[in-house]
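One structure is given here, and the rest of the page talks about it.
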Amino acid sequence: MRKVLILGVASLTAGCGGEGGQRTASNDPFCQAVLPAVEAFMAESRARNPTPDDPRYGGTLVIGSIGELADGMNAAISTDYSTTQHQQFVNLMTLIDYDPEGNARPYLAESWDVAPDGTEITFHLRRDVFWHDGEQTDAYDVAFTYETVTDPLTAYPNAAFWDNYVKGPNGVAVVDDFTVVIRLEPHAEFLDPFRSAAILPEHLLGDVPRDQLRVHPYGTQCPVGNGPFVFAEHRPQDRWLFEANPAFPDALGGRPFVDRYVYRIIPEQTTLLTELLTENIDVYISPGPDQAQTIIDNPNLELRSYPFRNYILVGWNSRRPQLADARVRRAITMGTNRAEIVEAILRGYGTVAHTGVPAFHFAHSPEALPRLRYDPERARALLDEAGWRDRDGDGVRESADGTRLSFSIKYNTGNQQRQDIAEIMQSQLAAIGVEAQPQVVEWATLLQQINTPELRDFDGVIIGWVAEFKVDDTDLFHSERIDQPYAWSGTQNPEIDRLLDAISITVDRSEATNLWLEYQRVLIEEQPYTYFYFPDRLDGVNRRVVDVVMDARGEWVNIKDWYLDPSSR
Amino acid sequence: MSSDVGSLVVEHHQGTSRGGRLLSAILPGLPQLLAGRWGVGSAALLTWVGLLWIVVARPSRVASALGGAWDEQLAVGTLVVGLSTAWLWSWRDVAAAHEVKRVGVSVWELAVRAFSKNRTAVAGLLVIVGLYVIALLTPLVAPYDPAFQGDLLRERYVSASAAHPLGTDQFARDVLSRLLYGARISLLIGFVAVSISVTIGTLLGAIAGFLGGIVDGVIMRFVDMVISFPRLVLLITIIALFEPSIFLITAVLGLTLWPGTARIVRGEVLSLREREFVQAATALGFSKTRIILRHLIPNALGPVIVAATLGIGNTIVLEAGLSFLGLGVQPPTPSWGTMVADGRNVLLNAWWLSTFPGLAIVFTVLSFNLVGDGLRDALDPRLRS
Amino acid sequence: MTKYLARRLLGAIPLVIGIATIVFFAVNLAPGDPTLRFLAPGMNQEVIEQMRANFGLDQPMHIRYVKWLGAMLTGDFGYSFSHSRPVLAVLRDFVPNTLVLSAVALVVAFVLGVLLGTIQAVRQYSKVDSGLSVVLLFFYSMPSFWLALMLILTLSLFARNVWELPIWFPASGMVSTDYEFLSFGAQLRDRFMHLVLPTLSLALVLTAGIARYMRGSMLEVIRQDYIRTAHAKGLSERVVVFKHALRNALIPIITLVGLYIPVLFSGTVFIEYVFAWPGMGRTIYEAILTRDYPLVMAGSFFFAAMVVVANLIADVLYAIVDPRIRYE
Amino acid sequence: MSAESAPALLSVRDLRTWFFTDQGVAKAVDGVSFDVRAGETLGIVGESGCGKTVTSLSVLGLLPQPPARVMEGSSVRLRGEELIGSGERRMRALRGNEISMIFQEPMSSLNPVYKIGGQIAESLRLHRGMDRKAARAEAVRLLAEVGLSEPERRVDEYPHQLSGGMRQRVMIAMALSCEPSLLIADEPTTALDVTVQAQILELLAELRGKFGMAVLLITHDLGVVAEVCDRVVVMYAGQIVETGTVYDIFGEPAHPYTRGLLDSLPSVEDPGKRLDSIPGTVPNPIDWPTGCRFRARCPLATEGCELPQDLVELGEEGRTARCWRAPSLVATGAAT
């Protein structure tokens, strides 16, 4: 399982490279050794596989986004969403990938077998995949990658992926050059990590001390991948340039249609929108809902909107006396008109969330749940019942011992939507006698305040999660994890513990679906979060880009199949 | 220390005294206007009519404000003071119509005369005074509560209409009301931050200049250090690292602005120190504190006032810049900076959101700068022709 | 002269170290932690500790300070957490871009400011004078990010899409995506076009300030006796103003170079952000947000050092313009 | 005025230069007429604030307009050519060429940022069309001419490297560079110390002989006038109060003001004599007194002085005084 905290504020930095020119060598010795090999292999491959005579081939595709590809193509150290997308679909390859329905299908691994007892997976690799410097991608690369990401020294940020796997050299065995075995304890959706973790080149990184991987030039200065696009240049905070890989296996579609793909970093959204409207960029990753109409109104552009994997929530700190009672938390949720907020803030591009199970998940069926709808009357009644009444006539309820039903809602600086939520909640909750005070905190500080187990310096916090395909709330609500960073709510509910444990080991989907439904019912009753909404993912795309597929898997999922309308080039 | 440098005949030109008085009693400023004195006449008349309009149009609001929060009471106070000032000034002005006075002309009076000749500067001053008056009156004037959210589904992003003269924002809040309340925050931040910096800068500058030696060296090295570092980077570092509150922002803005003032004051004091009256005070055995506070600082004040006026403008712009980086005054408190920054993403489909506060900033800061320039010219005899 | 400059340079060292020290403690004492950015559910305390150790953050602050100071004095600024490379390499990437932007802006602002200020002074109290004053102050009074956005909307978006003008300027970046395929001439043009909007946004604010000082300085100079002498020689107004008055009036303006460099660098934070210009201003801002301590410190060091250098340049310019000044 | 023997080089008639200020109209020069003949030295004498300098600047058209304005009816002719209203271009051709000027403050009259050689060469190149090299050689020659030692080295020095007297020599060299027919010297020695004063005056006299130019010398110092002038014009409150040869003025001053000036001179013959200075100050030009403008300060003022005074001719050619009692004063003055 894996989730990523989403910040949603301006770009989060990182990366490096040189100035100008093609595949400019950084003066780092590693890069100087590696890049000529890439150059040579590419030239050779181009000669061997000339570009097919098809008008769809050619042109430069430009994608603009607010953030850097933090940590670059080094899959062992990064968590950033756009970065992992580039690792999975642009520069590197994963063992498997998902079809639009979320079913695993072969990619770098041609096929795989699972041992009957569920403790071993054997991957059979393709034999026609080459690193961009000409080395073949083989089982040793997979073994190396597995050992690296499960080694604590690497400090792989998504170490939780491998919770149920045998870590280190014991967890992986090379059978032959193209066959590799991975050992695990049986658990739900055990294939998911292999969709997410891109394979790294053992022949280049094998000798690097694992605690030095983070500062190794591979990631941002001279990545050598094996995916459909070859790294050509990286100007930090400015652009990444990739070129079509002529050696990409024909069986996987051969070289991509576009010659060059440029990822541009433009931190200011108004500038991004202008660049899209003036056709300097072809794709604008994730414009705000307020910009959507401008894109729709332009005949050359198309607004893509689709359900995605992230959701926004208000996490309640149940250690606080005001928020300790689940009835109070439910009343707060019922006193907040989330449907209206989705309409107003997201301009309808989103759906109200009741739990953290997103639309693509097999257990997603909100109509089967006892959803809490906007009902100020019932909210007031619930608060009365819980003993919170306005005893002194100041418009804010108090408990019998005089505690006011008043709390702060924190959110991070520079995030308009969260600020919007805080302000609307403040105004709507006042109507049911609850005083919520929006309080903005700088992102890094906020994380420290909510994540540090000894601190937990917040009452309510507006924050978002990006869910991976495997959803797992154990870190959030299991009482065993109460001293871990993400136990914001401080939930201690034996029923929830039992269901989370059961879910994590249930491999069968129909059985799991029932468990999930039961879990969600308890969760709604417990209401550790007020789940807000699943925003739709928006993208502005120039109509000259054809065959674009964007869905919950991400924007880049089939980038190698995109082509530019020949009349536009 | 003002010295007479000459004298001058000041004449008042007006119509008949009796008619003028009657007119003045009803519409202060009109007699002056009729006599061709456009500036003072329209200022008095506009003040009178504008303030009276509030009383007539919003009697209930005024009445309830009397027993309301402190800012509402302050607004009523402003109303009363403004009305009586306009009326009394006009009355006395008309009454004094035919008196011819001989007045002494001090350096300050000369400066005032030079300043009042500078039409753009006077216009700037009027705008500023008007802004502060409106900021004080906001609770009586603003059509809505700045935090009041209308119907989120139907009243968001509504362009200008009778109900919302400047449109509404993403929460269906009235932009005009927020603009008015924002004026209070922006002007307050500017004023307080500059007050802090002027106080610190003047004191340290005077001490450095007067005492000299090691004290001077230490203070001025520190000044060099703060001045030679990009102020914005310093501000971001401090504000980003801690929680941005109005208090922190104002304090940090004030605490990073003073070195300029300190330099100016030190320079002035260094030249004043050699002048006779200071020498005399020293010879008479006055304490250093007394000499600094009573003799040096008042005399070095001219350039400080100029720097302060320009500083208020800069501070308002800087606050807007911090808001752009998400480090300004935090919502729901409306400051102009936050309004501009928040509205910029919808510049193309709801331009009024960031344009009006943007223009408000530009014209306010412009006014401060015009006044500052005018003051500089007026106080600097070398620039007068 | 060389000796004097060397002494000034040495004298500036405590200043730069002082600034770096203040920044060091401000950054390190502030809440937040560079590893927090990588936090993900399931990450346990050991991983965090390992990461902190990898970053060298496991030591107490005063030890880190001494180490950092010692390393810095030997020219080693450490590793940037967020860029995963040596800080010096990061600076090498961004500093030139910022210098290009600020240098061009400074030159534009000075040329424009000196010219307009001179015109204002020569025509004191005329309509031209007050008109220019108000127009320049108008730009001066505008928050620079807002001016930048307005320029983008008008000279880029509307110019191309609405008014369909033949010339419009790209809204972001330093070069076009097809830069490598352009001829040399077209490359120059491309760079120029990308420079126009950012430099304009940065320069307009300074222009107003410089023009204002230039006007005052010029007013003082044209009342001088030697200007009358020049007139008495029969020189034309233009020669008198631009030869005899200008050089004298420039002397106090040179001080502004030193004073405006920090202002300029402050401006780059906004301008680089809005125009997606990969420079130091934006980098240091983001470094502060991500708690990239080594980069923040190196950036502050860079800014302080640039100011010192700018002041030295001002000193040298002084000596060039004013023959009365000799540095011993 | 009576007909003159030689045609005047410079002829000033009814010159009125007024300043329009906020406080009112300052009639700094209020109807001044005089002639400068070729080759002669005419002194204009008076206290500061009486309009001497404004008169000289008006001749060259060097006053900033506004606030100054040369009023309708004023006339300045150079060899018969009307200069008032002749246009800036024509005036520029004359300045530094036909008429040149040296100023009171040698310390501030040279541009501090240019070498003195360049500043001299500037006129040469402008008016005599010399190239850079020739102009430089000529500058060196001129510096030698005005008695500067080591002219080859001085030519590359900056004004701040020279003393006041040397700077005034440079100014003179600059003024003489185009061999003007008229040199206007505005208090050329006032700012210098006494020994240097004498040298400069000597130099001026010497060069006048050599170049054969006329000199209009403006000074408040009657001693200087006595030393170098042929004829003298005494100004008070924007008007001429007395004209005459240097012998007339010193011998039998006709106007009480001239007398006052003379009385304030230290006397060589009688070092013990008390220096009488004129009580009071020159009145405000915005508000000249009616009647005789000197009346308030005049020891001889009577009721007749309340009427406006005209210049009274005193027999000899070019000998006038603005005092109704002048004829009688000349008589008594002559007696003493």
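How things are named: the first chain in the structure tokens is A, the next is B, and so on; residues count from 1 in each chain; ligands count from 1 in the order shown.
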
Within 10 Å of Ser84 of chain C using only C-alpha atoms, minus same-chain residues under 5 positions, as a list of chain:residue names: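 Residues meeting the cut-off are A:Ala14, A:Gly15, A:Cys16, A:Ala70, A:Asp71, A:Gly72, A:Gln212, A:Leu213, A:Arg214, A:Val215, A:His216, A:Pro217, A:Gly219, A:Thr220, C:Phe55, C:Tyr79, C:Val90.
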
For the selection you just gave me, I'd like the residues written to a file as a short mmCIF file (atom, residue, chain, number, x, y, z; two decimals), in the first residue's frame, keeping N, CA and C atoms.
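Listed below is the output, again18.cif:
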data_model
loop_
_atom_site.label_atom_id
_atom_site.label_comp_id
_atom_site.auth_asym_id
_atom_site.auth_seq_id
_atom_site.Cartn_x
_atom_site.Cartn_y
_atom_site.Cartn_z
N ALA A 14 13.72 20.72 -6.90
CA ALA A 14 14.72 19.69 -7.13
C ALA A 14 15.13 19.43 -8.57
N GLY A 15 16.25 18.78 -8.68
CA GLY A 15 16.72 18.37 -9.99
C GLY A 15 17.97 19.11 -10.39
N CYS A 16 18.53 18.76 -11.50
CA CYS A 16 19.77 19.42 -11.94
C CYS A 16 20.20 19.07 -13.34
N ALA A 70 10.82 16.14 -8.62
CA ALA A 70 11.73 16.11 -7.48
C ALA A 70 12.45 14.77 -7.44
N ASP A 71 13.75 14.80 -7.24
CA ASP A 71 14.61 13.63 -7.15
C ASP A 71 14.76 12.88 -8.46
N GLY A 72 14.14 13.38 -9.51
CA GLY A 72 14.39 12.84 -10.83
C GLY A 72 14.00 11.38 -11.01
N GLN A 212 24.16 6.76 -0.06
CA GLN A 212 24.61 7.82 -0.95
C GLN A 212 23.74 7.96 -2.19
N LEU A 213 22.75 7.07 -2.33
CA LEU A 213 21.93 7.08 -3.55
C LEU A 213 21.26 8.43 -3.75
N ARG A 214 20.84 9.03 -2.63
CA ARG A 214 20.11 10.29 -2.72
C ARG A 214 20.93 11.38 -3.40
N VAL A 215 22.23 11.35 -3.17
CA VAL A 215 23.04 12.43 -3.74
C VAL A 215 23.75 11.98 -5.01
N HIS A 216 23.39 10.83 -5.52
CA HIS A 216 24.05 10.35 -6.73
C HIS A 216 23.51 11.09 -7.96
N PRO A 217 24.40 11.42 -8.90
CA PRO A 217 23.95 12.19 -10.08
C PRO A 217 22.98 11.44 -10.98
N GLY A 219 20.00 10.34 -10.63
CA GLY A 219 18.59 10.75 -10.61
C GLY A 219 18.29 11.97 -11.45
N THR A 220 19.08 13.02 -11.28
CA THR A 220 18.68 14.27 -11.91
C THR A 220 19.63 14.76 -13.00
N PHE C 55 21.35 13.09 5.82
CA PHE C 55 21.43 14.54 5.61
C PHE C 55 22.45 15.20 6.53
N TYR C 79 25.83 19.60 0.64
CA TYR C 79 24.89 19.05 -0.33
C TYR C 79 23.52 19.65 -0.13
N VAL C 90 24.52 23.47 -7.66
CA VAL C 90 23.20 24.08 -7.78
C VAL C 90 23.34 25.57 -8.07
#

I need the residues in segment 38-123 of chain D that are strand (DSSP E or B) according to DSSP; give them as a PyMOL selection string. chain D and resi 41-45+68-70+75-78+81-82+95+99-102

What residues in segment 74-151 of chain A get the DSSP label alpha helix (DSSP H)? Please answer as a PyMOL selection string. chain A and resi 81-86+139-150

Å distance separating atom CA of Phe242 of chain A from atom CA of Arg543 of chain A, one decimal place: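 According to the coordinates, atom CA of Phe242 of chain A and atom CA of Arg543 of chain A are separated by 21.6 Å.
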
Within 6 Å of chain B, which residues of chain C are there when counting only C-alpha atoms? Please give them as a count of residues only. 10

Show me a table, sorted first by chain and then by increasing residue number, of the residues of chain D having an atom at most 8 Å from chain C, each with its shortest atom pair and the distance in Å to one decimal, counting only C-alpha atoms and written as CSV.
residue,atom,partner,partner_atom,distance
D:Leu60,CA,C:Ala232,CA,7.4
D:Leu62,CA,C:His231,CA,7.0
D:Met91,CA,C:Gly234,CA,7.3
D:Arg92,CA,C:Gly234,CA,4.1
D:Ala93,CA,C:Gly234,CA,6.1
D:Leu94,CA,C:Gly234,CA,6.8
D:Arg95,CA,C:Gly234,CA,4.4
D:Gly96,CA,C:Lys233,CA,4.0
D:Asn97,CA,C:Lys233,CA,7.4
D:Ser100,CA,C:Ala232,CA,6.5
D:Met101,CA,C:Ala232,CA,6.5
D:Ile102,CA,C:Thr229,CA,7.7
D:Phe103,CA,C:Thr229,CA,7.8
D:Glu105,CA,C:Asp225,CA,7.6
D:Ser108,CA,C:Asp225,CA,5.7
D:Ser109,CA,C:Tyr226,CA,4.0
D:Leu110,CA,C:Tyr226,CA,5.0
D:Asn111,CA,C:Tyr226,CA,5.2
D:Pro112,CA,C:Pro323,CA,7.6
D:Val113,CA,C:Asp322,CA,5.6
D:Tyr114,CA,C:Pro323,CA,8.0
D:Ser123,CA,C:Lys233,CA,6.0
D:Leu126,CA,C:Leu235,CA,7.7
D:Tyr158,CA,C:Pro323,CA,7.2
D:His160,CA,C:Arg324,CA,6.8
D:Ala175,CA,C:Lys233,CA,7.8

For chain B, which residue out of A:Asp138, A:Asp501, A:Asp297, A:Asp28 is the nearest one, using only C-alpha atoms? A:Asp297

So how far away is atom CA of Asn514 of chain A from atom CA of Ile496 of chain A, in Å?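 Going from atom CA of Ile496 of chain A over to atom CA of Asn514 of chain A, I get 14.0 Å.
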
Would you kindly return, as a list of chain:residue names, each protein, DNA or RNA residue with an atom no farther than 8 Å from any atom of Val181 of chain A, considering only C-alpha atoms and excluding same-chain residues fewer than 2 positions away? A:Glu120, A:Ile121, A:Thr122, A:Phe123, A:Val172, A:Ala173, A:Val174, A:Val175, A:Thr179, A:Arg183

Can you write just those residues out, N, CA and C atoms, as a tab-separated table (two decimals), in the first residue's frame?
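Final output, saved to again-v1.tsv:
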chain	number	residue	atom	x	y	z
A	120	GLU	N	5.56	-16.86	-2.77
A	120	GLU	CA	6.56	-16.60	-3.79
A	120	GLU	C	5.91	-16.13	-5.08
A	121	ILE	N	6.51	-15.07	-5.68
A	121	ILE	CA	6.09	-14.71	-7.03
A	121	ILE	C	7.31	-14.87	-7.91
A	122	THR	N	7.11	-15.51	-9.07
A	122	THR	CA	8.21	-15.63	-10.03
A	122	THR	C	7.89	-14.77	-11.24
A	123	PHE	N	8.81	-13.83	-11.53
A	123	PHE	CA	8.61	-12.97	-12.71
A	123	PHE	C	9.48	-13.45	-13.85
A	172	VAL	N	14.76	-12.13	-2.35
A	172	VAL	CA	14.79	-12.17	-3.80
A	172	VAL	C	15.84	-13.18	-4.25
A	173	ALA	N	15.54	-13.88	-5.33
A	173	ALA	CA	16.50	-14.84	-5.85
A	173	ALA	C	16.47	-14.82	-7.37
A	174	VAL	N	17.67	-14.76	-7.98
A	174	VAL	CA	17.72	-14.79	-9.44
A	174	VAL	C	17.78	-16.25	-9.87
A	175	VAL	N	16.82	-16.62	-10.67
A	175	VAL	CA	16.78	-18.00	-11.13
A	175	VAL	C	17.66	-18.14	-12.36
A	179	THR	N	14.73	-14.56	-15.08
A	179	THR	CA	13.71	-15.07	-14.15
A	179	THR	C	14.12	-14.72	-12.73
A	183	ARG	N	9.98	-13.21	-2.45
A	183	ARG	CA	9.31	-13.94	-1.38
A	183	ARG	C	8.49	-12.97	-0.52

Can you list, as a list in words, every protein, DNA or RNA residue that comes within 12 Å of Thr302 of chain D when you count only C-alpha atoms, leaving out same-chain residues fewer than 5 positions away?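 Listed by chain and then number, they are Gly291, Cys292, Phe294, Arg295, Ala296, Arg297, Leu307, Cys323, Trp324 and Arg325 of chain D.
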